Amino acid sequence: MKMNKQVRQVDGLSLRLSAVADAIPSGRVVADIGSDHAQLLIALAQAGLLKRGIAGEVNEGPWKNASQNVNDADLQHQIQVRRGNGLDVLKVGEAEVVVIAGMGGHLITSILDRSLHKMEKLERLVLQPNNGVDHVRRWLYRHGWEIDGENLVREAGILYEVVTASPGDPDQPYRGLPLPLEQAYEVGPLLWQERHPLLLHKLTEKLEGLDRILQQLELGRSPEARQRLQQLKQTREEWRRWQQWLQQDEN
């Protein structure tokens, strides 16, 4: 399933969560881990797109808030709010889609690592890491999940990525790419293939971040700092080459 580049904003949801909603197939049992007050599941239910929802929260405060929101929306019959750590709130085969959004990439993969047996019958993962998206893509590749959708949205000046994956051939989205695999984890194989309109912005932000690090390393005098400086200069040249490639495509 390929995501739409233009995200339709869902009533009651931010643009970021609307992009997540776009990535969820209609009429499924959806578990939202770290549910952010159950906003996503409530919006899906109110739009007639949700078969059943399970909102998972590890801490008491968010769990109570999510429960109250579901009650206020009169959706207790359709959405259950459960307290537990990660996928511990699920039984094997209970959900068809698992959503983990608004966390760091390392935390997302640690949640998945702890519950591999809970994922055996899943139809889809919908992941929206706030950082470390390369870590997420690397995890999916190594565990046999095929990335079948990627999207970028900008909200309040911040770029957010949404990655969906299904059990399949993890090599498929990376075939034919001019990018080395490790760099493709950062760029996004489908974002590159589809020339996502925000991908150039993403590469530009990456280069700006590298430039800031290089400026700091220029002040270092140790052999380690000089070695790191040369490595980062090479990395920057690679990213600059991909940026120029995209700019030529746009022109």
# chains A, B, ... in the order shown; residues from 1 in each chain; ligands from 1
$ residues_around --residues "Val70 of chain A" --least-positions-apart "5" --cutoff "12 Å" --atoms "only C-alpha atoms" --output "MDAnalysis selection string"
chainID A and resid 35:43 45:46 53:55 63:65 75:82
$ closest_atom_pairs --of "segment 3-114 of chain A" --to "segment 157-172 of chain A" --cutoff "12 Å" --atoms "only C-alpha atoms" --output "JSON lines"
{"residue": "A:Met3", "atom": "CA", "partner": "A:Thr164", "partner_atom": "CA", "distance": 9.0}
{"residue": "A:Asn4", "atom": "CA", "partner": "A:Val162", "partner_atom": "CA", "distance": 11.3}
{"residue": "A:Lys5", "atom": "CA", "partner": "A:Val162", "partner_atom": "CA", "distance": 11.2}
{"residue": "A:Val7", "atom": "CA", "partner": "A:Val162", "partner_atom": "CA", "distance": 11.5}
{"residue": "A:Ser14", "atom": "CA", "partner": "A:Tyr160", "partner_atom": "CA", "distance": 11.7}
{"residue": "A:Leu15", "atom": "CA", "partner": "A:Tyr160", "partner_atom": "CA", "distance": 9.6}
{"residue": "A:Arg16", "atom": "CA", "partner": "A:Tyr160", "partner_atom": "CA", "distance": 6.8}
{"residue": "A:Leu17", "atom": "CA", "partner": "A:Val162", "partner_atom": "CA", "distance": 9.5}
{"residue": "A:Ser18", "atom": "CA", "partner": "A:Val162", "partner_atom": "CA", "distance": 10.5}
{"residue": "A:Ala19", "atom": "CA", "partner": "A:Val162", "partner_atom": "CA", "distance": 7.1}
{"residue": "A:Val20", "atom": "CA", "partner": "A:Val162", "partner_atom": "CA", "distance": 6.5}
{"residue": "A:Ala21", "atom": "CA", "partner": "A:Val162", "partner_atom": "CA", "distance": 10.0}
{"residue": "A:Asp22", "atom": "CA", "partner": "A:Val162", "partner_atom": "CA", "distance": 9.7}
{"residue": "A:Ala23", "atom": "CA", "partner": "A:Thr164", "partner_atom": "CA", "distance": 7.0}
{"residue": "A:Ile24", "atom": "CA", "partner": "A:Thr164", "partner_atom": "CA", "distance": 8.7}
{"residue": "A:Pro25", "atom": "CA", "partner": "A:Thr164", "partner_atom": "CA", "distance": 10.7}
{"residue": "A:Glu96", "atom": "CA", "partner": "A:Ser166", "partner_atom": "CA", "distance": 10.7}
{"residue": "A:Val97", "atom": "CA", "partner": "A:Ser166", "partner_atom": "CA", "distance": 9.6}
{"residue": "A:Val98", "atom": "CA", "partner": "A:Thr164", "partner_atom": "CA", "distance": 10.0}
{"residue": "A:Val99", "atom": "CA", "partner": "A:Thr164", "partner_atom": "CA", "distance": 9.2}
{"residue": "A:Ile100", "atom": "CA", "partner": "A:Val162", "partner_atom": "CA", "distance": 10.0}
{"residue": "A:Ala101", "atom": "CA", "partner": "A:Val162", "partner_atom": "CA", "distance": 8.4}
{"residue": "A:Gly102", "atom": "CA", "partner": "A:Tyr160", "partner_atom": "CA", "distance": 9.2}
{"residue": "A:Met103", "atom": "CA", "partner": "A:Tyr160", "partner_atom": "CA", "distance": 11.2}
{"residue": "A:Gly104", "atom": "CA", "partner": "A:Tyr160", "partner_atom": "CA", "distance": 11.5}
{"residue": "A:Gly105", "atom": "CA", "partner": "A:Glu161", "partner_atom": "CA", "distance": 10.9}
$ write_last_selection --atoms "C-alpha atoms" --output "PDB file, in the first residue's frame"
ATOM      1  CA  MET A   3       0.510   6.387   0.943  1.00  0.00           C
ATOM      2  CA  ASN A   4      -0.872   9.549  -0.554  1.00  0.00           C
ATOM      3  CA  LYS A   5       1.645  12.369  -0.738  1.00  0.00           C
ATOM      4  CA  VAL A   7      -2.503  14.051   3.500  1.00  0.00           C
ATOM      5  CA  SER A  14      -3.085  17.008  13.854  1.00  0.00           C
ATOM      6  CA  LEU A  15      -1.519  16.729  10.417  1.00  0.00           C
ATOM      7  CA  ARG A  16       1.000  14.261  11.864  1.00  0.00           C
ATOM      8  CA  LEU A  17      -1.699  11.960  13.209  1.00  0.00           C
ATOM      9  CA  SER A  18      -3.743  12.425  10.035  1.00  0.00           C
ATOM     10  CA  ALA A  19      -0.780  10.997   8.109  1.00  0.00           C
ATOM     11  CA  VAL A  20      -0.762   8.043  10.481  1.00  0.00           C
ATOM     12  CA  ALA A  21      -4.512   7.602   9.980  1.00  0.00           C
ATOM     13  CA  ASP A  22      -4.003   7.614   6.195  1.00  0.00           C
ATOM     14  CA  ALA A  23      -1.677   4.636   6.578  1.00  0.00           C
ATOM     15  CA  ILE A  24      -4.189   2.442   8.430  1.00  0.00           C
ATOM     16  CA  PRO A  25      -6.383   0.162   6.301  1.00  0.00           C
ATOM     17  CA  GLU A  96      -4.532  -6.771  12.762  1.00  0.00           C
ATOM     18  CA  VAL A  97      -2.681  -3.446  12.767  1.00  0.00           C
ATOM     19  CA  VAL A  98      -0.295  -2.066  15.386  1.00  0.00           C
ATOM     20  CA  VAL A  99       0.437   1.665  15.504  1.00  0.00           C
ATOM     21  CA  ILE A 100       3.394   3.121  17.407  1.00  0.00           C
ATOM     22  CA  ALA A 101       3.653   6.865  16.870  1.00  0.00           C
ATOM     23  CA  GLY A 102       5.326   9.854  18.471  1.00  0.00           C
ATOM     24  CA  MET A 103       8.262   8.023  20.054  1.00  0.00           C
ATOM     25  CA  GLY A 104      11.953   7.799  19.255  1.00  0.00           C
ATOM     26  CA  GLY A 105      13.094   5.126  16.844  1.00  0.00           C
TER      27      GLY A 105
END
$ closest_atom_pairs --of "segment 62-115 of chain A" --to "segment 134-144 of chain A" --cutoff "10 Å" --atoms "only C-alpha atoms" --output "tab-separated table"
residue	atom	partner	partner_atom	distance
A:Gly104	CA	A:Val136	CA	9.2
A:Gly105	CA	A:Val136	CA	5.6
A:His106	CA	A:His135	CA	6.5
A:Leu107	CA	A:Val136	CA	9.5
A:Ile108	CA	A:Val136	CA	7.4
A:Thr109	CA	A:Val136	CA	6.2
A:Ser110	CA	A:Trp139	CA	9.7
A:Leu112	CA	A:Trp139	CA	9.1
A:Asp113	CA	A:Trp139	CA	9.0
$ closest_residue --among "A:Glu123, A:Asp148, A:Glu237, A:Glu57" --to "Asp32 of chain A" --atoms "only C-alpha atoms"
A:Glu57
$ closest_residue --among "A:Ile213, A:Thr235, A:Gly220, A:Asn151" --to "Glu194 of chain A" --atoms "only C-alpha atoms"
A:Asn151
$ residues_around --residues "Leu191 of chain A" --least-positions-apart "3" --cutoff "9 Å" --atoms "only C-alpha atoms" --output "JSON, numbers by chain"
{"A": [149, 150, 151, 152, 187, 188, 194, 195, 196, 197, 198, 199]}
$ select_by_dssp --residues "segment 60-150 of chain A" --states "strand (DSSP E or B)" --output "list in words"
Ile79, Gln80, Val81, Arg82, Arg83, Val97, Val98, Val99, Ile100, Ala101, Gly102, Met103, Gly104, Arg124, Leu125, Val126, Leu127, Gln128, Pro129, Asn130, Asn131, Trp145, Glu146, Ile147, Asp148, Gly149 and Glu150 of chain A
$ residues_around --residues "Ser115 of chain A" --least-positions-apart "2" --cutoff "10 Å" --atoms "only C-alpha atoms" --output "JSON list (two decimals) with N, CA, C and O atoms, in the first residue's frame"
[["chain", "number", "residue", "atom", "x", "y", "z"],
["A", 86, "GLY", "N", 4.01, -1.57, 26.28],
["A", 86, "GLY", "CA", 4.15, -1.97, 24.88],
["A", 86, "GLY", "C", 3.06, -2.91, 24.43],
["A", 86, "GLY", "O", 1.86, -2.72, 24.72],
["A", 87, "LEU", "N", 3.48, -3.98, 23.75],
["A", 87, "LEU", "CA", 2.52, -4.95, 23.21],
["A", 87, "LEU", "C", 2.03, -5.94, 24.26],
["A", 87, "LEU", "O", 1.28, -6.86, 23.93],
["A", 88, "ASP", "N", 2.43, -5.74, 25.51],
["A", 88, "ASP", "CA", 1.91, -6.59, 26.59],
["A", 88, "ASP", "C", 0.40, -6.46, 26.70],
["A", 88, "ASP", "O", -0.26, -7.35, 27.27],
["A", 90, "LEU", "N", -1.68, -6.73, 24.44],
["A", 90, "LEU", "CA", -2.34, -7.52, 23.40],
["A", 90, "LEU", "C", -2.18, -9.02, 23.63],
["A", 90, "LEU", "O", -1.16, -9.48, 24.16],
["A", 92, "VAL", "N", -1.92, -12.64, 21.42],
["A", 92, "VAL", "CA", -1.44, -13.03, 20.10],
["A", 92, "VAL", "C", -2.63, -13.14, 19.14],
["A", 92, "VAL", "O", -3.63, -13.79, 19.44],
["A", 110, "SER", "N", 12.69, -1.14, 20.51],
["A", 110, "SER", "CA", 12.80, -1.91, 21.76],
["A", 110, "SER", "C", 11.44, -2.49, 22.15],
["A", 110, "SER", "O", 11.36, -3.62, 22.65],
["A", 111, "ILE", "N", 10.36, -1.73, 21.90],
["A", 111, "ILE", "CA", 9.01, -2.25, 22.15],
["A", 111, "ILE", "C", 8.74, -3.46, 21.26],
["A", 111, "ILE", "O", 8.23, -4.49, 21.73],
["A", 112, "LEU", "N", 9.11, -3.38, 20.00],
["A", 112, "LEU", "CA", 8.90, -4.49, 19.08],
["A", 112, "LEU", "C", 9.76, -5.68, 19.46],
["A", 112, "LEU", "O", 9.31, -6.84, 19.42],
["A", 113, "ASP", "N", 11.00, -5.44, 19.84],
["A", 113, "ASP", "CA", 11.91, -6.52, 20.23],
["A", 113, "ASP", "C", 11.37, -7.34, 21.39],
["A", 113, "ASP", "O", 11.57, -8.55, 21.45],
["A", 117, "HIS", "N", 6.77, -12.38, 19.54],
["A", 117, "HIS", "CA", 5.75, -13.42, 19.42],
["A", 117, "HIS", "C", 4.35, -12.83, 19.24],
["A", 117, "HIS", "O", 3.45, -13.49, 18.71],
["A", 118, "LYS", "N", 4.17, -11.58, 19.66],
["A", 118, "LYS", "CA", 2.86, -10.94, 19.52],
["A", 118, "LYS", "C", 2.62, -10.44, 18.08],
["A", 118, "LYS", "O", 1.52, -10.03, 17.73],
["A", 119, "MET", "N", 3.67, -10.48, 17.25],
["A", 119, "MET", "CA", 3.59, -9.90, 15.91],
["A", 119, "MET", "C", 3.40, -10.95, 14.82],
["A", 119, "MET", "O", 3.31, -10.61, 13.64],
["A", 120, "GLU", "N", 3.31, -12.20, 15.20],
["A", 120, "GLU", "CA", 3.30, -13.28, 14.21],
["A", 120, "GLU", "C", 2.11, -13.20, 13.26],
["A", 120, "GLU", "O", 2.21, -13.56, 12.09]]
$ residues_around --residues "Arg228 of chain A" --least-positions-apart "6" --cutoff "12 Å" --atoms "only C-alpha atoms" --output "short mmCIF file (atom, residue, chain, number, x, y, z; two decimals) with C-alpha atoms, in the first residue's frame"
data_model
loop_
_atom_site.label_atom_id
_atom_site.label_comp_id
_atom_site.auth_asym_id
_atom_site.auth_seq_id
_atom_site.Cartn_x
_atom_site.Cartn_y
_atom_site.Cartn_z
CA LEU A 210 26.16 17.77 9.46
CA ILE A 213 28.69 19.12 13.73
CA LEU A 214 31.58 19.86 11.36
CA GLN A 216 32.30 22.03 16.21
CA LEU A 217 34.81 19.40 15.13
CA GLU A 218 36.87 22.02 13.33
CA GLY A 220 39.06 19.99 18.00
CA ARG A 221 42.78 19.30 18.08
CA SER A 222 42.93 15.66 19.15
CA GLN A 234 33.08 12.25 3.38
CA THR A 235 29.57 11.59 4.70
#
$ select_by_dssp --residues "segment 126-208 of chain A" --states "helix (DSSP H, G or I)" --output "PyMOL selection string"
chain A and resi 133-142+172-174+181-187+189-193+199-208
$ atom_distance --atom1 "atom CA of Asn59 of chain A" --atom2 "atom CA of Val133 of chain A"
24.6 Å
$ atom_distance --atom1 "atom CA of Ala31 of chain A" --atom2 "atom CA of Lys121 of chain A"
13.2 Å
$ decode --residues "segment 194-205 of chain A" --atoms "all heavy atoms" --output "CSV table (one decimal), in the first residue's frame"
chain,number,residue,atom,x,y,z
A,194,GLU,N,9.7,7.3,-5.1
A,194,GLU,CA,8.6,8.1,-5.5
A,194,GLU,C,8.9,9.6,-5.6
A,194,GLU,O,8.0,10.4,-5.9
A,194,GLU,CB,7.4,7.9,-4.5
A,194,GLU,CG,7.0,6.4,-4.5
A,194,GLU,CD,6.0,6.1,-3.4
A,194,GLU,OE1,5.7,7.0,-2.6
A,194,GLU,OE2,5.6,4.9,-3.2
A,195,ARG,N,10.1,10.0,-5.3
A,195,ARG,CA,10.5,11.4,-5.3
A,195,ARG,C,9.5,12.3,-4.5
A,195,ARG,O,8.9,13.2,-5.0
A,195,ARG,CB,10.7,11.9,-6.7
A,195,ARG,CG,11.7,11.2,-7.6
A,195,ARG,CD,13.1,11.4,-6.9
A,195,ARG,NE,14.2,11.0,-7.9
A,195,ARG,CZ,14.7,9.8,-7.9
A,195,ARG,NH1,14.3,8.8,-7.1
A,195,ARG,NH2,15.7,9.5,-8.8
A,196,HIS,N,9.4,11.9,-3.3
A,196,HIS,CA,8.4,12.6,-2.4
A,196,HIS,C,8.8,14.1,-2.4
A,196,HIS,O,9.9,14.5,-2.3
A,196,HIS,CB,8.5,12.1,-1.0
A,196,HIS,CG,7.4,12.5,-0.1
A,196,HIS,ND1,7.3,13.8,0.4
A,196,HIS,CD2,6.3,11.9,0.4
A,196,HIS,CE1,6.2,13.9,1.1
A,196,HIS,NE2,5.6,12.8,1.1
A,197,PRO,N,7.7,14.9,-2.5
A,197,PRO,CA,8.0,16.4,-2.6
A,197,PRO,C,8.7,17.0,-1.4
A,197,PRO,O,9.3,18.1,-1.6
A,197,PRO,CB,6.6,17.0,-2.8
A,197,PRO,CG,5.6,15.9,-2.4
A,197,PRO,CD,6.3,14.6,-2.6
A,198,LEU,N,8.7,16.3,-0.3
A,198,LEU,CA,9.4,16.9,0.9
A,198,LEU,C,10.8,16.2,1.1
A,198,LEU,O,11.5,16.6,2.1
A,198,LEU,CB,8.6,16.7,2.2
A,198,LEU,CG,7.3,17.6,2.3
A,198,LEU,CD1,6.5,17.3,3.5
A,198,LEU,CD2,7.7,19.1,2.3
A,199,LEU,N,11.1,15.3,0.2
A,199,LEU,CA,12.4,14.6,0.5
A,199,LEU,C,13.6,15.5,0.3
A,199,LEU,O,14.6,15.4,1.1
A,199,LEU,CB,12.5,13.4,-0.5
A,199,LEU,CG,13.8,12.6,-0.4
A,199,LEU,CD1,13.9,12.0,1.0
A,199,LEU,CD2,13.8,11.4,-1.4
A,200,LEU,N,13.5,16.5,-0.6
A,200,LEU,CA,14.6,17.4,-0.7
A,200,LEU,C,14.8,18.2,0.5
A,200,LEU,O,15.9,18.5,0.9
A,200,LEU,CB,14.4,18.3,-1.9
A,200,LEU,CG,15.6,19.2,-2.3
A,200,LEU,CD1,16.8,18.5,-2.6
A,200,LEU,CD2,15.2,20.1,-3.6
A,201,HIS,N,13.7,18.6,1.2
A,201,HIS,CA,13.8,19.3,2.4
A,201,HIS,C,14.5,18.5,3.5
A,201,HIS,O,15.3,19.0,4.3
A,201,HIS,CB,12.4,19.7,2.9
A,201,HIS,CG,11.7,20.7,2.0
A,201,HIS,ND1,11.9,22.1,2.1
A,201,HIS,CD2,10.8,20.6,1.0
A,201,HIS,CE1,11.2,22.7,1.2
A,201,HIS,NE2,10.5,21.8,0.5
A,202,LYS,N,14.1,17.2,3.5
A,202,LYS,CA,14.8,16.3,4.5
A,202,LYS,C,16.3,16.2,4.3
A,202,LYS,O,17.0,16.3,5.2
A,202,LYS,CB,14.1,14.9,4.3
A,202,LYS,CG,14.8,13.9,5.3
A,202,LYS,CD,14.2,12.5,5.1
A,202,LYS,CE,15.0,11.5,6.0
A,202,LYS,NZ,14.4,10.1,5.9
A,203,LEU,N,16.7,16.1,3.0
A,203,LEU,CA,18.1,16.0,2.8
A,203,LEU,C,18.8,17.3,3.1
A,203,LEU,O,20.0,17.3,3.6
A,203,LEU,CB,18.4,15.6,1.3
A,203,LEU,CG,18.6,14.1,1.0
A,203,LEU,CD1,17.3,13.3,1.4
A,203,LEU,CD2,18.9,13.9,-0.5
A,204,THR,N,18.2,18.4,2.9
A,204,THR,CA,18.7,19.7,3.2
A,204,THR,C,18.9,19.8,4.7
A,204,THR,O,19.9,20.3,5.2
A,204,THR,CB,17.8,20.8,2.7
A,204,THR,OG1,17.7,20.7,1.2
A,204,THR,CG2,18.4,22.2,3.0
A,205,GLU,N,17.9,19.4,5.5
A,205,GLU,CA,18.0,19.4,6.9
A,205,GLU,C,19.2,18.5,7.4
A,205,GLU,O,19.9,18.9,8.4
A,205,GLU,CB,16.7,19.0,7.6
A,205,GLU,CG,15.6,20.1,7.4
A,205,GLU,CD,14.4,19.7,8.2
A,205,GLU,OE1,14.3,18.6,8.9
A,205,GLU,OE2,13.4,20.5,8.2
